[in-house]
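So this one's input.txt, compact mmCIF, C-alpha atoms:
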```
# COMPACT_ATOMS: atom_id res chain seq x y z
CA MET A 130 0.00 0.00 0.00
CA PRO A 131 1.42 3.40 -0.93
CA LYS A 132 2.34 5.81 1.83
CA ALA A 133 0.36 8.97 2.31
CA SER A 134 1.91 12.05 0.81
CA PRO A 135 3.13 14.76 3.19
CA GLN A 136 0.19 16.89 1.99
CA ASP A 137 -2.30 14.12 2.87
CA ILE A 138 -0.71 13.68 6.29
CA GLU A 139 -0.97 17.41 7.01
CA LYS A 140 -4.59 17.44 5.80
CA TYR A 141 -5.52 14.56 8.10
CA LYS A 142 -3.38 15.65 11.05
CA ALA A 143 -5.65 18.59 11.75
CA ARG A 144 -8.80 16.44 11.44
CA LEU A 145 -7.66 13.37 13.41
CA PRO A 146 -8.73 14.62 16.87
CA GLU A 147 -12.19 15.26 15.41
CA ILE A 148 -12.33 11.82 13.72
CA LEU A 149 -10.89 9.98 16.75
CA PRO A 150 -11.88 12.13 19.74
CA THR A 151 -10.13 11.33 23.01
CA GLU A 152 -11.69 13.93 25.30
CA LYS A 153 -13.79 12.78 28.23
CA THR A 154 -16.80 14.86 27.22
CA PRO A 155 -20.33 13.65 26.43
CA GLU A 156 -19.95 14.89 22.84
CA ALA A 157 -16.67 13.03 22.27
CA LYS A 158 -18.10 9.90 23.90
CA LYS A 159 -21.09 10.02 21.56
CA VAL A 160 -18.77 10.17 18.51
CA ARG A 161 -16.62 7.32 19.90
CA ASP A 162 -19.69 5.18 20.66
CA LYS A 163 -20.90 5.54 17.06
CA LEU A 164 -17.42 4.83 15.74
CA PHE A 165 -17.06 1.75 17.96
CA ASN A 166 -20.43 0.43 16.78
CA ASP A 167 -19.48 1.06 13.14
CA TRP A 168 -16.24 -0.88 13.66
CA ASP A 169 -18.02 -3.75 15.46
CA PRO A 170 -19.83 -5.43 12.53
CA ASN A 171 -20.93 -8.54 14.45
CA GLY A 172 -22.14 -6.57 17.48
CA ASN A 173 -20.19 -8.57 20.09
CA ARG A 174 -19.06 -5.34 21.85
CA LYS A 175 -15.36 -6.03 21.31
CA LEU A 176 -12.94 -5.31 18.48
CA SER A 177 -10.26 -7.59 17.09
CA LEU A 178 -7.15 -6.22 15.42
CA ALA A 179 -8.72 -7.12 12.05
CA GLU A 180 -11.87 -5.14 12.91
CA VAL A 181 -9.82 -2.12 13.96
CA ASP A 182 -7.91 -2.37 10.70
CA LEU A 183 -11.18 -2.54 8.74
CA GLY A 184 -12.55 0.38 10.76
CA ILE A 185 -9.52 2.45 9.80
CA LYS A 186 -10.18 1.58 6.15
CA TYR A 187 -13.88 2.40 6.62
CA LYS A 188 -12.92 5.91 7.77
CA ASN A 189 -10.55 6.12 4.77
CA LEU A 190 -7.56 6.52 7.07
CA HIS A 191 -5.58 3.47 5.90
CA TYR A 192 -3.13 5.67 3.99
CA VAL A 193 -2.46 7.68 7.14
CA PHE A 194 -2.42 4.92 9.77
CA ARG A 195 0.17 2.45 8.56
CA LYS A 196 0.03 -1.18 9.78
CA PRO A 197 2.78 -0.69 12.40
CA VAL A 198 0.80 2.20 13.91
CA ILE A 199 -2.40 0.16 14.12
CA ILE A 200 -0.62 -2.87 15.59
CA ARG A 201 1.28 -0.87 18.22
CA ALA A 202 -1.82 1.13 19.23
CA PHE A 203 -3.98 -2.00 19.45
CA THR A 204 -1.36 -3.87 21.48
CA ALA A 205 -0.92 -0.95 23.88
CA ALA A 206 -4.68 -0.45 24.42
CA LYS A 207 -5.98 -4.01 24.74
CA GLY A 208 -6.54 -5.19 28.27
CA VAL A 209 -6.13 -1.70 29.74
CA SER A 210 -9.54 -1.70 31.40
CA ASN A 211 -9.04 -4.78 33.62
CA LYS A 212 -12.84 -4.89 33.50
CA LYS A 213 -14.46 -8.22 34.25
CA GLY A 214 -15.12 -9.98 30.98
CA SER A 215 -12.59 -7.95 29.02
CA SER A 216 -9.96 -9.81 27.06
CA ASP A 217 -6.33 -9.16 26.29
CA ASP A 218 -7.07 -10.21 22.71
CA TYR A 219 -9.71 -7.56 22.00
CA ILE A 220 -10.56 -3.92 22.56
CA ASP A 221 -13.79 -3.50 24.47
CA LYS A 222 -15.85 -0.32 24.57
CA SER A 223 -14.20 0.88 27.80
CA GLU A 224 -10.77 0.68 26.09
CA PHE A 225 -11.79 2.38 22.85
CA ARG A 226 -10.93 5.93 23.97
CA VAL A 227 -7.46 4.69 24.94
CA LEU A 228 -7.12 3.03 21.51
CA CYS A 229 -7.92 6.39 19.90
CA GLU A 230 -5.25 8.07 22.05
CA TYR A 231 -2.68 5.45 21.09
CA LEU A 232 -3.57 5.70 17.40
CA LEU A 233 -2.89 9.44 17.55
CA LYS A 234 0.35 8.96 19.51
CA TYR A 235 1.74 6.22 17.27
CA PHE A 236 0.70 8.22 14.21
CA GLU A 237 2.94 11.05 15.43
CA LEU A 238 5.77 8.62 16.23
CA TYR A 239 5.51 6.96 12.83
CA ASN A 240 5.77 10.33 11.13
CA MET A 241 8.90 11.08 13.15
CA PHE A 242 10.31 7.66 12.26
CA ASP A 243 9.47 8.24 8.60
CA GLU A 244 11.23 11.62 8.55
CA ILE A 245 14.42 9.98 9.81
CA ASP A 246 14.06 6.97 7.45
CA THR A 247 15.10 8.86 4.32
CA SER A 248 15.62 5.64 2.33
CA ASP A 249 11.94 4.69 2.85
CA ASP A 250 12.76 1.07 3.70
CA ASP A 251 10.93 1.08 7.07
CA ARG A 252 14.12 0.94 9.08
CA ILE A 253 16.61 3.54 10.20
CA GLU A 254 20.25 2.97 9.35
CA PHE A 255 23.01 4.51 11.46
CA GLU A 256 23.84 7.20 8.87
CA GLU A 257 20.17 8.24 8.71
CA PHE A 258 20.03 8.43 12.50
CA LYS A 259 23.24 10.44 12.70
CA SER A 260 21.98 12.83 10.03
CA ALA A 261 18.76 13.37 11.99
CA ALA A 262 20.48 14.92 15.03
CA LYS A 263 19.02 18.35 14.24
CA LEU A 264 15.48 16.92 13.92
CA LEU A 265 15.84 14.97 17.15
CA LYS A 266 16.95 18.12 18.94
CA GLN A 267 13.83 19.93 17.65
CA TRP A 268 11.75 17.04 19.01
CA GLY A 269 13.28 17.32 22.46
CA ILE A 270 16.53 15.37 22.71
CA GLU A 271 20.12 16.26 21.99
CA ILE A 272 22.24 13.35 20.77
CA ARG A 273 25.88 13.73 21.78
CA ASN A 274 27.02 10.22 20.90
CA PRO A 275 24.97 8.99 17.94
CA ARG A 276 26.57 5.52 17.81
CA LYS A 277 25.90 4.84 21.49
CA VAL A 278 22.28 6.01 21.30
CA PHE A 279 21.68 4.13 18.04
CA ASP A 280 22.94 0.91 19.61
CA GLU A 281 20.74 1.48 22.69
CA ILE A 282 17.65 1.89 20.48
CA ASP A 283 18.53 -1.12 18.30
CA THR A 284 17.50 -3.56 21.03
CA ASN A 285 17.48 -6.61 18.78
CA GLY A 286 21.02 -5.88 17.55
CA GLY A 287 19.96 -6.07 13.90
CA GLY A 288 21.99 -3.04 12.84
CA PHE A 289 18.83 -1.06 12.06
CA ILE A 290 16.23 0.72 14.16
CA LEU A 291 12.76 -0.67 13.53
CA PHE A 292 9.55 1.24 14.27
CA ASP A 293 8.83 -0.78 17.42
CA GLU A 294 12.28 0.02 18.78
CA PHE A 295 12.07 3.69 17.81
CA SER A 296 8.59 4.20 19.23
CA GLU A 297 9.48 2.63 22.59
CA TRP A 298 12.59 4.81 22.84
CA ALA A 299 10.76 7.96 21.70
CA ILE A 300 8.00 7.43 24.27
CA ASN A 301 10.55 6.92 27.04
CA LYS A 302 12.36 10.11 25.97
CA LYS A 303 9.03 11.99 25.64
CA LEU A 304 9.79 13.18 22.11
CA LYS A 305 7.18 15.44 20.51
CA MET A 306 6.98 16.52 16.92
CA ASP A 307 5.27 19.74 18.04
CA ASN A 308 8.52 20.96 19.55
CA LYS A 309 9.54 22.08 16.05
```
Let me see whether you can do it: turn the structure in this file into structure tokens.
Amino acid sequence: MPKASPQDIEKYKARLPEILPTEKTPEAKKVRDKLFNDWDPNGNRKLSLAEVDLGIKYKNLHYVFRKPVIIRAFTAAKGVSNKKGSSDDYIDKSEFRVLCEYLLKYFELYNMFDEIDTSDDDRIEFEEFKSAAKLLKQWGIEIRNPRKVFDEIDTNGGGFILFDEFSEWAINKKLKMDNK
């Protein structure tokens, strides 16, 4: 699937909080309830990863929310409620607001990752990481020893930084794209 253009991303970025509201207001809850019901085609009051993926496509956001974003957000949100009857394999209605929050967060992280990944191969090589020092500083962290930090992020030792590794590191470092 082709990636969204920077223009598409900017167009959707402004609308995403409206499409996936995370506020704890009656209005936002009403929008989320409708969205949850739309994404729950069999009416079992829980969403699988496949149903979330289809819901994203239904809202025509599949060019914006790449698979790694959806998977990471789903994984982070499932089981959050600890509510009796909830499952670690599904998102129930009480976890849906959190899923929306994680979708927005991982969307931002993926865009950061994508800016650093100039070769567009869904992994960050050391030279790309080193060249991104200025960007990283704008996002909230100064890198003094790029090799050391790169190796810390590359937790599987593969010689590349994958999105999962980058997003975990970026969350721990509290990086924000808005700091630009």
Could you list, with a cut-off of 10 Å and counting only C-alpha atoms, the residues of region 174-273 of chain A near region 144-160 of chain A, each shown with its nearest atom pair and the distance in Å rounded to one decimal, rows sorted by chain and ascending number, as JSON lines?
```
{"residue": "A:Lys188", "atom": "CA", "partner": "A:Ile148", "partner_atom": "CA", "distance": 8.4}
{"residue": "A:Leu190", "atom": "CA", "partner": "A:Leu145", "partner_atom": "CA", "distance": 9.3}
{"residue": "A:Val193", "atom": "CA", "partner": "A:Leu145", "partner_atom": "CA", "distance": 9.9}
{"residue": "A:Phe225", "atom": "CA", "partner": "A:Thr151", "partner_atom": "CA", "distance": 9.1}
{"residue": "A:Arg226", "atom": "CA", "partner": "A:Thr151", "partner_atom": "CA", "distance": 5.5}
{"residue": "A:Val227", "atom": "CA", "partner": "A:Thr151", "partner_atom": "CA", "distance": 7.4}
{"residue": "A:Leu228", "atom": "CA", "partner": "A:Thr151", "partner_atom": "CA", "distance": 9.0}
{"residue": "A:Cys229", "atom": "CA", "partner": "A:Leu149", "partner_atom": "CA", "distance": 5.6}
{"residue": "A:Glu230", "atom": "CA", "partner": "A:Thr151", "partner_atom": "CA", "distance": 5.9}
{"residue": "A:Tyr231", "atom": "CA", "partner": "A:Thr151", "partner_atom": "CA", "distance": 9.7}
{"residue": "A:Leu232", "atom": "CA", "partner": "A:Leu149", "partner_atom": "CA", "distance": 8.5}
{"residue": "A:Leu233", "atom": "CA", "partner": "A:Leu145", "partner_atom": "CA", "distance": 7.4}
{"residue": "A:Phe236", "atom": "CA", "partner": "A:Leu145", "partner_atom": "CA", "distance": 9.9}
```
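Using only C-alpha atoms, the nearest neighbour of Ile282 (chain A) within the list A:Leu264, A:Gln136, A:Gly269, A:Glu254 is A:Glu254.
For the residues A:Tyr141, A:Arg273, A:Ile253, A:Met306, ranking by smallest atom-to-atom distance to Asn189 (chain A) using only C-alpha atoms places A:Tyr141 first.
Distance-wise, CA of Val278 (chain A) and CA of Arg195 (chain A) end up 25.8 Å apart.
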Just the residues within 12 Å of region 284-291 of chain A, please, counting only C-alpha atoms, with nothing from its chain fewer than 2 positions along; format it as a PDB file with C-alpha atoms, in the frame of the given file.
```
ATOM      1  CA  PRO A 197       2.780  -0.690  12.400  1.00  0.00           C
ATOM      2  CA  LEU A 238       5.770   8.620  16.230  1.00  0.00           C
ATOM      3  CA  TYR A 239       5.510   6.960  12.830  1.00  0.00           C
ATOM      4  CA  PHE A 242      10.310   7.660  12.260  1.00  0.00           C
ATOM      5  CA  ASP A 243       9.470   8.240   8.600  1.00  0.00           C
ATOM      6  CA  ILE A 245      14.420   9.980   9.810  1.00  0.00           C
ATOM      7  CA  ASP A 246      14.060   6.970   7.450  1.00  0.00           C
ATOM      8  CA  ASP A 249      11.940   4.690   2.850  1.00  0.00           C
ATOM      9  CA  ASP A 250      12.760   1.070   3.700  1.00  0.00           C
ATOM     10  CA  ASP A 251      10.930   1.080   7.070  1.00  0.00           C
ATOM     11  CA  ARG A 252      14.120   0.940   9.080  1.00  0.00           C
ATOM     12  CA  ILE A 253      16.610   3.540  10.200  1.00  0.00           C
ATOM     13  CA  GLU A 254      20.250   2.970   9.350  1.00  0.00           C
ATOM     14  CA  PHE A 255      23.010   4.510  11.460  1.00  0.00           C
ATOM     15  CA  GLU A 256      23.840   7.200   8.870  1.00  0.00           C
ATOM     16  CA  GLU A 257      20.170   8.240   8.710  1.00  0.00           C
ATOM     17  CA  PHE A 258      20.030   8.430  12.500  1.00  0.00           C
ATOM     18  CA  ARG A 276      26.570   5.520  17.810  1.00  0.00           C
ATOM     19  CA  LYS A 277      25.900   4.840  21.490  1.00  0.00           C
ATOM     20  CA  VAL A 278      22.280   6.010  21.300  1.00  0.00           C
ATOM     21  CA  PHE A 279      21.680   4.130  18.040  1.00  0.00           C
ATOM     22  CA  ASP A 280      22.940   0.910  19.610  1.00  0.00           C
ATOM     23  CA  GLU A 281      20.740   1.480  22.690  1.00  0.00           C
ATOM     24  CA  ILE A 282      17.650   1.890  20.480  1.00  0.00           C
ATOM     25  CA  ASP A 293       8.830  -0.780  17.420  1.00  0.00           C
ATOM     26  CA  GLU A 294      12.280   0.020  18.780  1.00  0.00           C
ATOM     27  CA  PHE A 295      12.070   3.690  17.810  1.00  0.00           C
ATOM     28  CA  SER A 296       8.590   4.200  19.230  1.00  0.00           C
ATOM     29  CA  GLU A 297       9.480   2.630  22.590  1.00  0.00           C
ATOM     30  CA  TRP A 298      12.590   4.810  22.840  1.00  0.00           C
ATOM     31  CA  ALA A 299      10.760   7.960  21.700  1.00  0.00           C
TER      32      ALA A 299
END
```
Exercise. Asn171 (chain A): which residues within 12 Å, counting only C-alpha atoms, same-chain residues fewer than 6 positions away excluded, as a PyMOL selection string?
Worked result: chain A and resi 165+177+180
Writer output for current selection, C-alpha atoms, as a PDB file, in the coordinates of the input:
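Output below, filename out.pdb:
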```
ATOM      1  CA  PHE A 165     -17.060   1.750  17.960  1.00  0.00           C
ATOM      2  CA  SER A 177     -10.260  -7.590  17.090  1.00  0.00           C
ATOM      3  CA  GLU A 180     -11.870  -5.140  12.910  1.00  0.00           C
TER       4      GLU A 180
END
```
Give, as AutoDock Vina command-line options, the centre coordinates and the x, y and z edge lengths in Å to one decimal for an axis-aligned box around all listed atoms of region 145-156 of chain A, padded by 3 Å on each side.
```
--center_x -14.0 --center_y 12.6 --center_z 20.8 --size_x 18.7 --size_y 11.3 --size_z 20.8
```
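Interatomic distance, CA of Lys186 (chain A) to CA of Pro170 (chain A): 13.5 Å.
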For this session: For Val209 (chain A), list every protein, DNA or RNA residue within 8 Å, evaluated using all atoms listed in the file, and leave out those in the same chain fewer than 3 positions away; present the list as a PyMOL selection string.
Result: chain A and resi 205-206+224
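Atom to atom, CA of Ile220 (chain A) and CA of Phe292 (chain A) stand 22.4 Å apart.
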Problem set entry | Local residues around (15.1, 17.9, 26.2), at most 12 Å away, using all atoms listed in the file, as an MDAnalysis selection string | chainID A and resid 265:272 299 301:305 308
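Restricting the calculation to all atoms listed in the file, the smallest distance between Lys175 (chain A) and any of A:Glu237, A:Asp307, A:Glu244, A:Asp218 is found for A:Asp218.
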Applying 8 Å and all atoms listed in the file, which residues near Ile200 (chain A) remain after dropping the ones on its own chain fewer than 4 positions away? List them as a PDB file with C-alpha atoms, keeping the file's coordinate frame.
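Result file out30.pdb:
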```
ATOM      1  CA  LEU A 178      -7.150  -6.220  15.420  1.00  0.00           C
ATOM      2  CA  LYS A 196       0.030  -1.180   9.780  1.00  0.00           C
ATOM      3  CA  THR A 204      -1.360  -3.870  21.480  1.00  0.00           C
TER       4      THR A 204
END
```
For this session: Pick out the closest residue to Trp168 (chain A) from this set: A:Lys140, A:Asp221, A:Lys207, A:Asn274. Count only C-alpha atoms.
Result: A:Asp221
